[in-house]
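Participant: Got a structure for you, written out below as structure tokens; questions coming shortly.
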Amino acid sequence: MYVSLNWLKEYVDIGTITPEELAEKITKSGIEVEGIEYVAEQSSNVVVGYVQECEKHPNADKLNLCQVDVGEEQLQIICGAPNIAKGQKVAVAKPGAVLPGNFKIKKAKLRGVESNGMICSLQELGIEEKFVPKEYAEGIFVFPEETEVGADALALLNLHDAILELGLTPNRSDALSMLGVAYEVGAILDVPVRLPKEEVNVSSEIAADYVSVKVDTELNPYYGAFVIKDIQIGPSPLWMRNYLIAAGIRPINNVVDITNYVLLEYGQPLHAFDYDQFGSNEIVVRRAKDGEQMVTLDGQERTLKSSHLVITNGTIPTAMAGVMGGANSEVSNQTKTVLLEAAYFDPAAVRTASKDHGLRSESSSRFEKGVDPNRVKKAGQRACQLLSQYANGTVLSGVVEFDQLDKSAATIEIDSTEVNNRLGTEIDNDEIGDILRKLEFEFKQNGNLFSITIPTRRQDITIFEDMVEEIARIFGYDNLPYTLPQGASQAGGLTERQQLKRDVKNYLQGAGLMETITYSLTSKERAELLISPEVKGKVDSPVQLAMPMSEEHSTLRLSILPELLASMSYNSARKQTNIGYYEVGTVFLSDETTISKQPEERLRVSGALTGDWITHPWQQEKKAVDFFVVKGIVEGLLEKLNLTATYKQAKMDGLHPGRTAQILIKDVAVGFIGQVHPSLQDSFDLKDTYVFDLDLEFIFTIHENEPSFAKIPRYPSISRDIALVVDEHVHAGDVKATILKAGGELIKEVQVFDVYQGEHLETGKKSLAFNILYLDPERTLKDEEVEKSYQAILDAVKKAHQAQLRA
Amino acid sequence: MKERLEELQAEALTKVEEAIYLSDLQDIRVAYLGKKGPITEVLRGMGKLSKEERPVIGELANKVREAIATELDAKKERLEKEELEKKLETETIDVTLPGRPVKVGGPHLLTSIVEEIEDLFIGMGFEVREGPEVETDYYNFEALNLPKGHPARDMQDSFYITEELLLRTHTSPVQARTMGEYQGAKPVKMICPGKVYRRDTDDATHSHQFTQVEGLYVDKNVRMSDLKGVLNQFAKQFFGEDREIRLRPSFFPFTEPSVEMDISCKVCHGHGCSVCKGTGWIEILGGGMVHPRVLEMAGYDPKEYNGFAFGMGPERIAMLKYGVDDIRHFYTNDVRFLKQYHKA
Ligand SMILES: [Zn+2]
């Protein structure tokens, strides 16, 4: 809502307060002033001139040479506007004038002829093109004949005005009108509101003889029709056009402008039909028929539904109620008799129609929030008055109406003690009474009890709490004290799961990875990539949005990795090629083909690494990321969580067939490590990239709560090395498992310390060397015990893996 | 003999003095103090001396020995030190060469901010709650006093999956869920951080996915001044002791009265500058007293309980606190951007 301060002053005396001060006060009381606009802030020296002579420029076809009387002097001005003509009153920027954009007007020579100023268009004076009346859009503006020559043109165009831009919250639809804003400002400044008068002299003819009103739906509790004859279509008065432009509405003609003016003044949308084009003398309001068609004012053919409300002539629609009129009954330059509608339409019905047709008009945005039931008829009367005054109209007697509208005001009882308890204040009863008086709310007081009649313009106030807010905002939020809650204090804290989540992040960061946050919504195509087997097993297909804004963000992720790879791709395109990323986030699992319930949300952690892991050039040290860098990080993470995992050679779509391990904890699949398949890497424009992905949800549920207190051993350990020659396809992990199993409980740890293939070994064979650490925390070990275990291990690996001791 | 001994001492000391290598010292030691050395020789000839002379010469011989040995030790120590120094000298490195880089990661800026907010409210006795990102229409809207067809639903156009399921548009459903879980029987003191989604086209100031942290405090006799006090405490701890707050009336369907909170501009301290668009204040969060309908629907009797709620956007806070100029930076994951805030 744009509020012209000059216009506002017609209803409320704002005194000498500056626009900035007023804006600050309005903002602090609850309606945010988002900006103040001064159209002619930098302009000066523009006056009304009378075009005495207008001839073709001797050296240019499209230019005119004008002699313009600007009061104290006569100026020769060259003008290129196509609509310039002798006898016009125009806006003249004299030499020395400044126009918006700091455009300075100087004497100049145009094609050899002197020009001493500029005749201005409204655009040149700072008015947005879209608000300029169509007849002046291509040329200069022409003042009414009676305008005084030499007068300040900017003032006549109301361009010295300050316009407040209000950012209204949905509850404050009362401020979608100048009167509503006047009540607000009146309450803030403690000044009364002056209401316009709606009185008009009516003719002896009776409106009811011209039209009847029938309402066939509960969605239209009030419909009032006025008839105004002898209309002369023409421009509306300059002041009205100025105010409409300030409010952001383009002036059209007097009839349309008056309905718009009253809409802005009262917040009540009106509609003017051309009575002679209406097609009957019977107004019938009803629900549209499914598939019924009509052409609206904007020339669009609209197909209606039974949830939409229409005004008809008994046969066909003449307006989409509350949203837009029909082209068939539109007011034109030939209109002689106006049929004026002032109605109350059901907010939800207007909202539905406006939404279905993508038509949000000044009308619909007011109807859909509920207009003041007590202003509907008054607004119609006000329009009649203005039509009589500014469009030569003869207003017929009476309003033809259908009226089942509840116009009663609600009453809210408040106890000042409760108000103070809620606010933490000590506002006394007199002050509360004073606040209500400022708001122009009627009330009865009995001690601490106030019985308040809520004016119908304030549809937003329905309960005690609404009144509490009303009192608080006029009292001033700044005046509320600072207190702390009195309730019993409790210890706050993170849950174990939340703490674990932080631990995981801290570990991975310590391990050199950077945290990312990517979008949960991905493309359908990416949503199918790199899904961990245990996720795939639980899912029908990825969850899709019903109406995505783009294909790119249409599908909920089943893996964090695809968007993580996309982020890496973004970086590698910017020459950032050494990257280690991780992300902790939710994936969305649904086992339904047609979604009927919330998908399961599981927390996962994924990582992706590419490029060099270590680079220290001058010492010739350089290590590219490989499978084991990533595995080391994963192993460390699980160790931190007191979990032991096994790693199984696996094949997965999107991963290198020979470089993928599935991770199992307690025989449950929880994720994987692998190199991204070269062809997938290519599609992301990445070089060798390694990833991991783990089901944190599962890990958090089985993670050993108690930290195992590993005591520092008091007795010495014994260490043995064993080097075995095995077939090259034998997995070290399997051999290690055999050693652990055969070696007995005294084994503390088994580590691979060498893997060798090549010279001195048969082709197809490899050597695996393990270090086995024996320890008994309770006593010193005997050599015989260790020897026995060692022999058992040898036997077992021979049997299980055909392993030979390496010579 | 006495002269001979004194002569030997002088001779040996000169040699020690002249010695250059440790091996020279060893030679001198053997030559003068060894069993075949001249001092031993002299002592062997003592038998020819008188009874009175013997102890005198013996004592002198010992003194000479000692003097030479002391000097030898001192010189040895000196030479050894020099030798070590020479060795260390050869081990000199160019300390200006760069060190071996340590791989360091770090948190995302949004995580840092969310955790900082969490920790502040945990310090004030709040618990941290989480909830699903795919929500039911009921929890996302209806339980928050946003029935179907409510005009305020326009404020947050949503991503629907079905008619009843959508990506949550705020973290407020977690409040409704938590109150529901507590069944109207005990106070609630919680914050809920998380991802939220709205139908916005991504640009410098809009993102279809962003983060929210909301708080809820429900108890008996909660006052609006408590909300002001708690938010003031938060603002001072998070943004700095020198910052002021102000509350303005606003509107949210789930609170009444509703507030918007501004903090004084860091740049101009309230005098007005380009950062605060001349107002001296920067909008930081929204909140209010929990609407009685919301309490009622969650099973709390609004006659007995009331409370306050508030919500803020970590992206916006990060943009203000660290001057991030485009919300998309948070989700593009440019390494250079992420790294910049690892110390933040
Ligand atoms: Zn500032």
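Every chain in the structure tokens has a letter given in the order shown (A, B, ...), and although residue numbers restart at 1 in each chain, ligands are simply numbered from 1 in the order shown.
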Based on DSSP run over this structure's backbone, return all residues of region 130-210 of chain A in alpha helix (DSSP H), as a ChimeraX atom specification.

Facilitator: /A:153-156,178-189

Participant: Could you please tell me, as an mmCIF file with N, CA, C and O atoms, in the first residue's frame, which residues of chain A have an atom within 7 Å of chain B when using only C-alpha atoms?

Facilitator:
```
data_model
loop_
_atom_site.group_PDB
_atom_site.id
_atom_site.type_symbol
_atom_site.label_atom_id
_atom_site.label_comp_id
_atom_site.auth_asym_id
_atom_site.auth_seq_id
_atom_site.Cartn_x
_atom_site.Cartn_y
_atom_site.Cartn_z
ATOM 1 N N LYS A 28 7.127 1.417 14.327
ATOM 2 C CA LYS A 28 7.243 0.911 15.698
ATOM 3 C C LYS A 28 5.902 0.525 16.300
ATOM 4 O O LYS A 28 5.855 -0.202 17.289
ATOM 5 N N SER A 29 4.814 1.006 15.686
ATOM 6 C CA SER A 29 3.497 0.629 16.206
ATOM 7 C C SER A 29 2.922 -0.583 15.485
ATOM 8 O O SER A 29 1.831 -1.027 15.823
ATOM 9 N N GLY A 30 3.587 -1.075 14.464
ATOM 10 C CA GLY A 30 3.117 -2.335 13.918
ATOM 11 C C GLY A 30 2.976 -2.438 12.417
ATOM 12 O O GLY A 30 2.801 -3.516 11.893
ATOM 13 N N THR A 169 1.234 -6.756 6.896
ATOM 14 C CA THR A 169 1.094 -8.171 7.219
ATOM 15 C C THR A 169 -0.352 -8.573 6.905
ATOM 16 O O THR A 169 -1.239 -7.720 6.880
ATOM 17 N N PRO A 170 -0.601 -9.870 6.678
ATOM 18 C CA PRO A 170 -1.932 -10.275 6.185
ATOM 19 C C PRO A 170 -3.085 -9.896 7.131
ATOM 20 O O PRO A 170 -4.209 -9.732 6.686
ATOM 21 N N ASN A 171 -2.788 -9.733 8.407
ATOM 22 C CA ASN A 171 -3.875 -9.422 9.340
ATOM 23 C C ASN A 171 -4.344 -7.974 9.243
ATOM 24 O O ASN A 171 -5.464 -7.656 9.594
ATOM 25 N N ALA A 348 -13.096 -16.436 0.916
ATOM 26 C CA ALA A 348 -12.490 -17.663 0.383
ATOM 27 C C ALA A 348 -12.869 -17.883 -1.078
ATOM 28 O O ALA A 348 -12.048 -18.341 -1.884
ATOM 29 N N ASN A 421 -0.457 -8.986 33.406
ATOM 30 C CA ASN A 421 0.220 -10.260 33.663
ATOM 31 C C ASN A 421 0.815 -10.828 32.381
ATOM 32 O O ASN A 421 1.904 -11.378 32.380
ATOM 33 N N ARG A 422 0.075 -10.689 31.286
ATOM 34 C CA ARG A 422 0.536 -11.236 30.025
ATOM 35 C C ARG A 422 1.732 -10.453 29.476
ATOM 36 O O ARG A 422 2.640 -11.003 28.872
ATOM 37 N N LEU A 423 1.705 -9.145 29.724
ATOM 38 C CA LEU A 423 2.761 -8.304 29.144
ATOM 39 C C LEU A 423 3.957 -8.135 30.079
ATOM 40 O O LEU A 423 5.049 -7.798 29.627
ATOM 41 N N GLY A 424 3.751 -8.361 31.364
ATOM 42 C CA GLY A 424 4.823 -8.065 32.316
ATOM 43 C C GLY A 424 4.914 -6.573 32.608
ATOM 44 O O GLY A 424 5.992 -6.045 32.884
ATOM 45 N N GLU A 465 -6.144 -12.049 23.262
ATOM 46 C CA GLU A 465 -4.743 -11.814 22.902
ATOM 47 C C GLU A 465 -4.590 -10.718 21.849
ATOM 48 O O GLU A 465 -3.605 -9.993 21.837
ATOM 49 N N ASP A 466 -5.578 -10.634 20.943
ATOM 50 C CA ASP A 466 -5.520 -9.575 19.933
ATOM 51 C C ASP A 466 -5.593 -8.205 20.610
ATOM 52 O O ASP A 466 -4.923 -7.258 20.207
ATOM 53 N N VAL A 468 -4.681 -7.616 23.671
ATOM 54 C CA VAL A 468 -3.421 -7.435 24.395
ATOM 55 C C VAL A 468 -2.383 -6.806 23.453
ATOM 56 O O VAL A 468 -1.681 -5.861 23.804
ATOM 57 N N GLU A 469 -2.332 -7.337 22.231
ATOM 58 C CA GLU A 469 -1.372 -6.790 21.273
ATOM 59 C C GLU A 469 -1.697 -5.331 20.957
ATOM 60 O O GLU A 469 -0.810 -4.480 20.866
ATOM 61 N N ARG A 473 0.946 -2.443 21.531
ATOM 62 C CA ARG A 473 1.625 -1.707 20.458
ATOM 63 C C ARG A 473 1.398 -0.202 20.583
ATOM 64 O O ARG A 473 2.277 0.589 20.219
ATOM 65 N N TYR A 477 6.105 -1.185 22.359
ATOM 66 C CA TYR A 477 6.935 -2.342 22.720
ATOM 67 C C TYR A 477 8.226 -1.884 23.406
ATOM 68 O O TYR A 477 8.782 -2.578 24.228
ATOM 69 N N ASP A 478 8.669 -0.677 23.037
ATOM 70 C CA ASP A 478 9.877 -0.150 23.680
ATOM 71 C C ASP A 478 9.695 0.022 25.184
ATOM 72 O O ASP A 478 10.675 0.030 25.932
ATOM 73 N N LEU A 480 8.008 -1.973 27.169
ATOM 74 C CA LEU A 480 7.923 -3.224 27.924
ATOM 75 C C LEU A 480 9.243 -3.424 28.662
ATOM 76 O O LEU A 480 10.308 -3.148 28.125
ATOM 77 N N PRO A 481 9.187 -3.911 29.910
ATOM 78 C CA PRO A 481 10.448 -4.142 30.620
ATOM 79 C C PRO A 481 11.163 -5.400 30.109
ATOM 80 O O PRO A 481 10.575 -6.188 29.376
ATOM 81 N N TYR A 482 12.418 -5.534 30.500
ATOM 82 C CA TYR A 482 13.167 -6.764 30.230
ATOM 83 C C TYR A 482 13.094 -7.624 31.482
ATOM 84 O O TYR A 482 13.523 -7.184 32.546
ATOM 85 N N THR A 483 12.551 -8.833 31.360
ATOM 86 C CA THR A 483 12.548 -9.722 32.517
ATOM 87 C C THR A 483 13.006 -11.096 32.052
ATOM 88 O O THR A 483 13.089 -11.356 30.855
ATOM 89 N N LEU A 484 13.298 -11.975 33.006
ATOM 90 C CA LEU A 484 13.603 -13.353 32.646
ATOM 91 C C LEU A 484 12.519 -14.244 33.225
ATOM 92 O O LEU A 484 11.927 -13.924 34.255
ATOM 93 N N PRO A 485 12.232 -15.353 32.542
ATOM 94 C CA PRO A 485 11.144 -16.220 32.993
ATOM 95 C C PRO A 485 11.333 -16.646 34.446
ATOM 96 O O PRO A 485 12.456 -16.864 34.901
ATOM 97 N N GLY A 487 9.869 -19.374 35.759
ATOM 98 C CA GLY A 487 9.656 -20.818 35.934
ATOM 99 C C GLY A 487 10.905 -21.507 36.463
ATOM 100 O O GLY A 487 12.012 -20.971 36.382
ATOM 101 N N SER A 489 14.114 -23.517 36.779
ATOM 102 C CA SER A 489 15.124 -23.671 35.741
ATOM 103 C C SER A 489 15.458 -25.153 35.584
ATOM 104 O O SER A 489 15.343 -25.935 36.509
ATOM 105 N N GLN A 490 15.810 -25.511 34.386
ATOM 106 C CA GLN A 490 16.212 -26.887 34.123
ATOM 107 C C GLN A 490 17.537 -26.841 33.398
ATOM 108 O O GLN A 490 17.887 -25.826 32.807
ATOM 109 N N ALA A 491 18.247 -27.951 33.450
ATOM 110 C CA ALA A 491 19.521 -27.973 32.742
ATOM 111 C C ALA A 491 19.262 -28.311 31.279
ATOM 112 O O ALA A 491 18.585 -29.281 30.974
ATOM 113 N N GLY A 492 19.741 -27.480 30.409
ATOM 114 C CA GLY A 492 19.601 -27.772 28.983
ATOM 115 C C GLY A 492 20.727 -28.687 28.566
ATOM 116 O O GLY A 492 21.641 -28.957 29.341
ATOM 117 N N GLY A 493 20.675 -29.172 27.356
ATOM 118 C CA GLY A 493 21.786 -30.002 26.916
ATOM 119 C C GLY A 493 21.480 -30.692 25.618
ATOM 120 O O GLY A 493 20.347 -30.667 25.147
ATOM 121 N N LEU A 494 22.498 -31.292 25.073
ATOM 122 C CA LEU A 494 22.325 -32.056 23.847
ATOM 123 C C LEU A 494 21.962 -33.483 24.214
ATOM 124 O O LEU A 494 22.422 -34.006 25.229
ATOM 125 N N GLN A 509 36.401 -33.363 10.467
ATOM 126 C CA GLN A 509 37.119 -32.113 10.244
ATOM 127 C C GLN A 509 38.577 -32.254 10.674
ATOM 128 O O GLN A 509 39.482 -31.789 10.002
ATOM 129 N N GLY A 510 38.771 -32.938 11.801
ATOM 130 C CA GLY A 510 40.131 -33.189 12.269
ATOM 131 C C GLY A 510 40.894 -34.048 11.283
ATOM 132 O O GLY A 510 42.105 -33.947 11.144
ATOM 133 N N ALA A 511 40.153 -34.915 10.573
ATOM 134 C CA ALA A 511 40.792 -35.799 9.595
ATOM 135 C C ALA A 511 41.047 -35.064 8.284
ATOM 136 O O ALA A 511 41.541 -35.667 7.325
ATOM 137 N N GLY A 512 40.701 -33.802 8.227
ATOM 138 C CA GLY A 512 41.055 -33.008 7.049
ATOM 139 C C GLY A 512 39.919 -32.754 6.083
ATOM 140 O O GLY A 512 40.137 -32.202 5.006
ATOM 141 N N LEU A 513 38.691 -33.122 6.442
ATOM 142 C CA LEU A 513 37.582 -32.913 5.508
ATOM 143 C C LEU A 513 36.827 -31.628 5.844
ATOM 144 O O LEU A 513 36.741 -31.214 6.991
ATOM 145 N N MET A 514 36.274 -31.019 4.802
ATOM 146 C CA MET A 514 35.484 -29.804 4.970
ATOM 147 C C MET A 514 34.017 -30.156 4.898
ATOM 148 O O MET A 514 33.596 -30.919 4.035
ATOM 149 N N GLU A 515 33.260 -29.558 5.769
ATOM 150 C CA GLU A 515 31.826 -29.825 5.763
ATOM 151 C C GLU A 515 31.143 -29.029 4.654
ATOM 152 O O GLU A 515 31.449 -27.862 4.418
ATOM 153 N N THR A 516 30.200 -29.687 3.985
ATOM 154 C CA THR A 516 29.395 -28.993 2.983
ATOM 155 C C THR A 516 27.933 -29.119 3.381
ATOM 156 O O THR A 516 27.577 -29.955 4.204
ATOM 157 N N ILE A 517 27.121 -28.267 2.800
ATOM 158 C CA ILE A 517 25.668 -28.448 2.884
ATOM 159 C C ILE A 517 25.145 -28.318 1.460
ATOM 160 O O ILE A 517 25.342 -27.290 0.819
ATOM 161 N N THR A 518 24.560 -29.385 0.964
ATOM 162 C CA THR A 518 24.019 -29.347 -0.391
ATOM 163 C C THR A 518 22.501 -29.417 -0.312
ATOM 164 O O THR A 518 21.933 -29.581 0.766
ATOM 165 N N TYR A 519 21.857 -29.287 -1.452
ATOM 166 C CA TYR A 519 20.399 -29.308 -1.474
ATOM 167 C C TYR A 519 19.856 -30.728 -1.304
ATOM 168 O O TYR A 519 20.402 -31.680 -1.844
ATOM 169 N N GLN A 544 9.124 -37.796 -5.165
ATOM 170 C CA GLN A 544 9.076 -36.662 -6.092
ATOM 171 C C GLN A 544 8.142 -35.577 -5.574
ATOM 172 O O GLN A 544 7.133 -35.876 -4.950
ATOM 173 N N LEU A 545 8.464 -34.333 -5.894
ATOM 174 C CA LEU A 545 7.539 -33.234 -5.597
ATOM 175 C C LEU A 545 6.374 -33.293 -6.572
ATOM 176 O O LEU A 545 6.533 -33.688 -7.720
ATOM 177 N N ALA A 546 5.206 -32.858 -6.084
ATOM 178 C CA ALA A 546 4.042 -32.842 -6.962
ATOM 179 C C ALA A 546 4.231 -31.810 -8.072
ATOM 180 O O ALA A 546 3.959 -32.080 -9.242
ATOM 181 N N SER A 567 29.007 -30.473 -6.421
ATOM 182 C CA SER A 567 29.751 -29.371 -5.802
ATOM 183 C C SER A 567 31.231 -29.450 -6.159
ATOM 184 O O SER A 567 31.881 -28.438 -6.402
ATOM 185 N N ASN A 571 33.736 -26.835 -8.255
ATOM 186 C CA ASN A 571 35.060 -26.385 -7.842
ATOM 187 C C ASN A 571 36.132 -26.703 -8.868
ATOM 188 O O ASN A 571 37.008 -25.893 -9.126
ATOM 189 N N GLN A 598 4.610 -40.147 5.455
ATOM 190 C CA GLN A 598 5.919 -39.503 5.461
ATOM 191 C C GLN A 598 7.012 -40.529 5.165
ATOM 192 O O GLN A 598 6.995 -41.624 5.725
ATOM 193 N N GLU A 601 13.164 -40.772 7.307
ATOM 194 C CA GLU A 601 14.316 -39.883 7.136
ATOM 195 C C GLU A 601 15.476 -40.469 7.913
ATOM 196 O O GLU A 601 15.410 -40.637 9.113
ATOM 197 N N HIS A 616 53.745 -31.582 -0.807
ATOM 198 C CA HIS A 616 54.807 -30.827 -0.168
ATOM 199 C C HIS A 616 55.938 -30.798 -1.179
ATOM 200 O O HIS A 616 56.888 -31.586 -1.090
#
```

Participant: For Lys377 (chain A), list every protein, DNA or RNA residue within 9 Å, evaluated using only C-alpha atoms, and leave out those in the same chain fewer than 5 positions away; present the list as a ChimeraX atom specification.

Facilitator: /A:223-224,342-343,382,399

Participant: Convert the current residue selection to file output with C-alpha atoms, as a compact mmCIF listing (two decimals), in the first residue's frame.

Facilitator:
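File result-v4.txt, as written:
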```txt
# COMPACT_ATOMS: atom_id res chain seq x y z
CA TYR A 223 -25.14 -6.82 -2.98
CA GLY A 224 -26.05 -3.16 -3.53
CA ALA A 342 -21.03 -2.31 -3.97
CA ALA A 343 -20.96 -5.82 -2.54
CA ARG A 382 -19.44 8.01 -1.78
CA VAL A 399 -30.00 1.43 -3.57
```

Participant: Within 9 Å of ligand 1, which residues show up when you count only C-alpha atoms and all ligand atoms? List them as a list in words, please.

Facilitator: Ser264, Cys265, Lys266, Val267, Cys268, His269, Gly270, His271, Gly272, Cys273, Ser274, Val275, Cys276, Lys277, Gly278, Thr279, Gly280, Trp281 and Ile282 of chain B

Participant: For Asp430 (chain A), please output as a ChimeraX atom specification all residues within 12 Å (counting only C-alpha atoms; exclusion window: fewer than 2 positions along the same chain).

Facilitator: /A:416,426-428,432-437,445-450

Participant: Could you give me, as a PyMOL selection string, the residues within 9 Å of Lys501 (chain A), counting only C-alpha atoms and dropping anything in the same chain fewer than 5 positions from it?

Facilitator: chain A and resi 496+506+584+696+700

Participant: For Val543 (chain A), please output as a PyMOL selection string all residues within 7 Å (counting only C-alpha atoms; exclusion window: fewer than 2 positions along the same chain).

Facilitator: chain A and resi 541+545+555-556+590

Participant: Give the strand (DSSP E) residues of region 51-294 of chain B, as assigned by DSSP on the backbone, as a VMD selection string.

Facilitator: chain B and resid 127 to 128 134 to 136 165 to 167 188 to 197 209 to 219 245 to 252 255 to 264 281 to 290

Participant: Just give me the gap between CA of Asp73 (chain B) and CA of Tyr32 (chain B) in Å, one decimal is fine.

Facilitator: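 These two atoms are separated by 13.9 Å.
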
Participant: If we count only C-alpha atoms, what is near region 55-65 of chain A at a cut-off of 12 Å, once residues fewer than 5 positions away on the same chain are taken out, given as number ranges by chain?

Facilitator: A: 75-86, 109-119
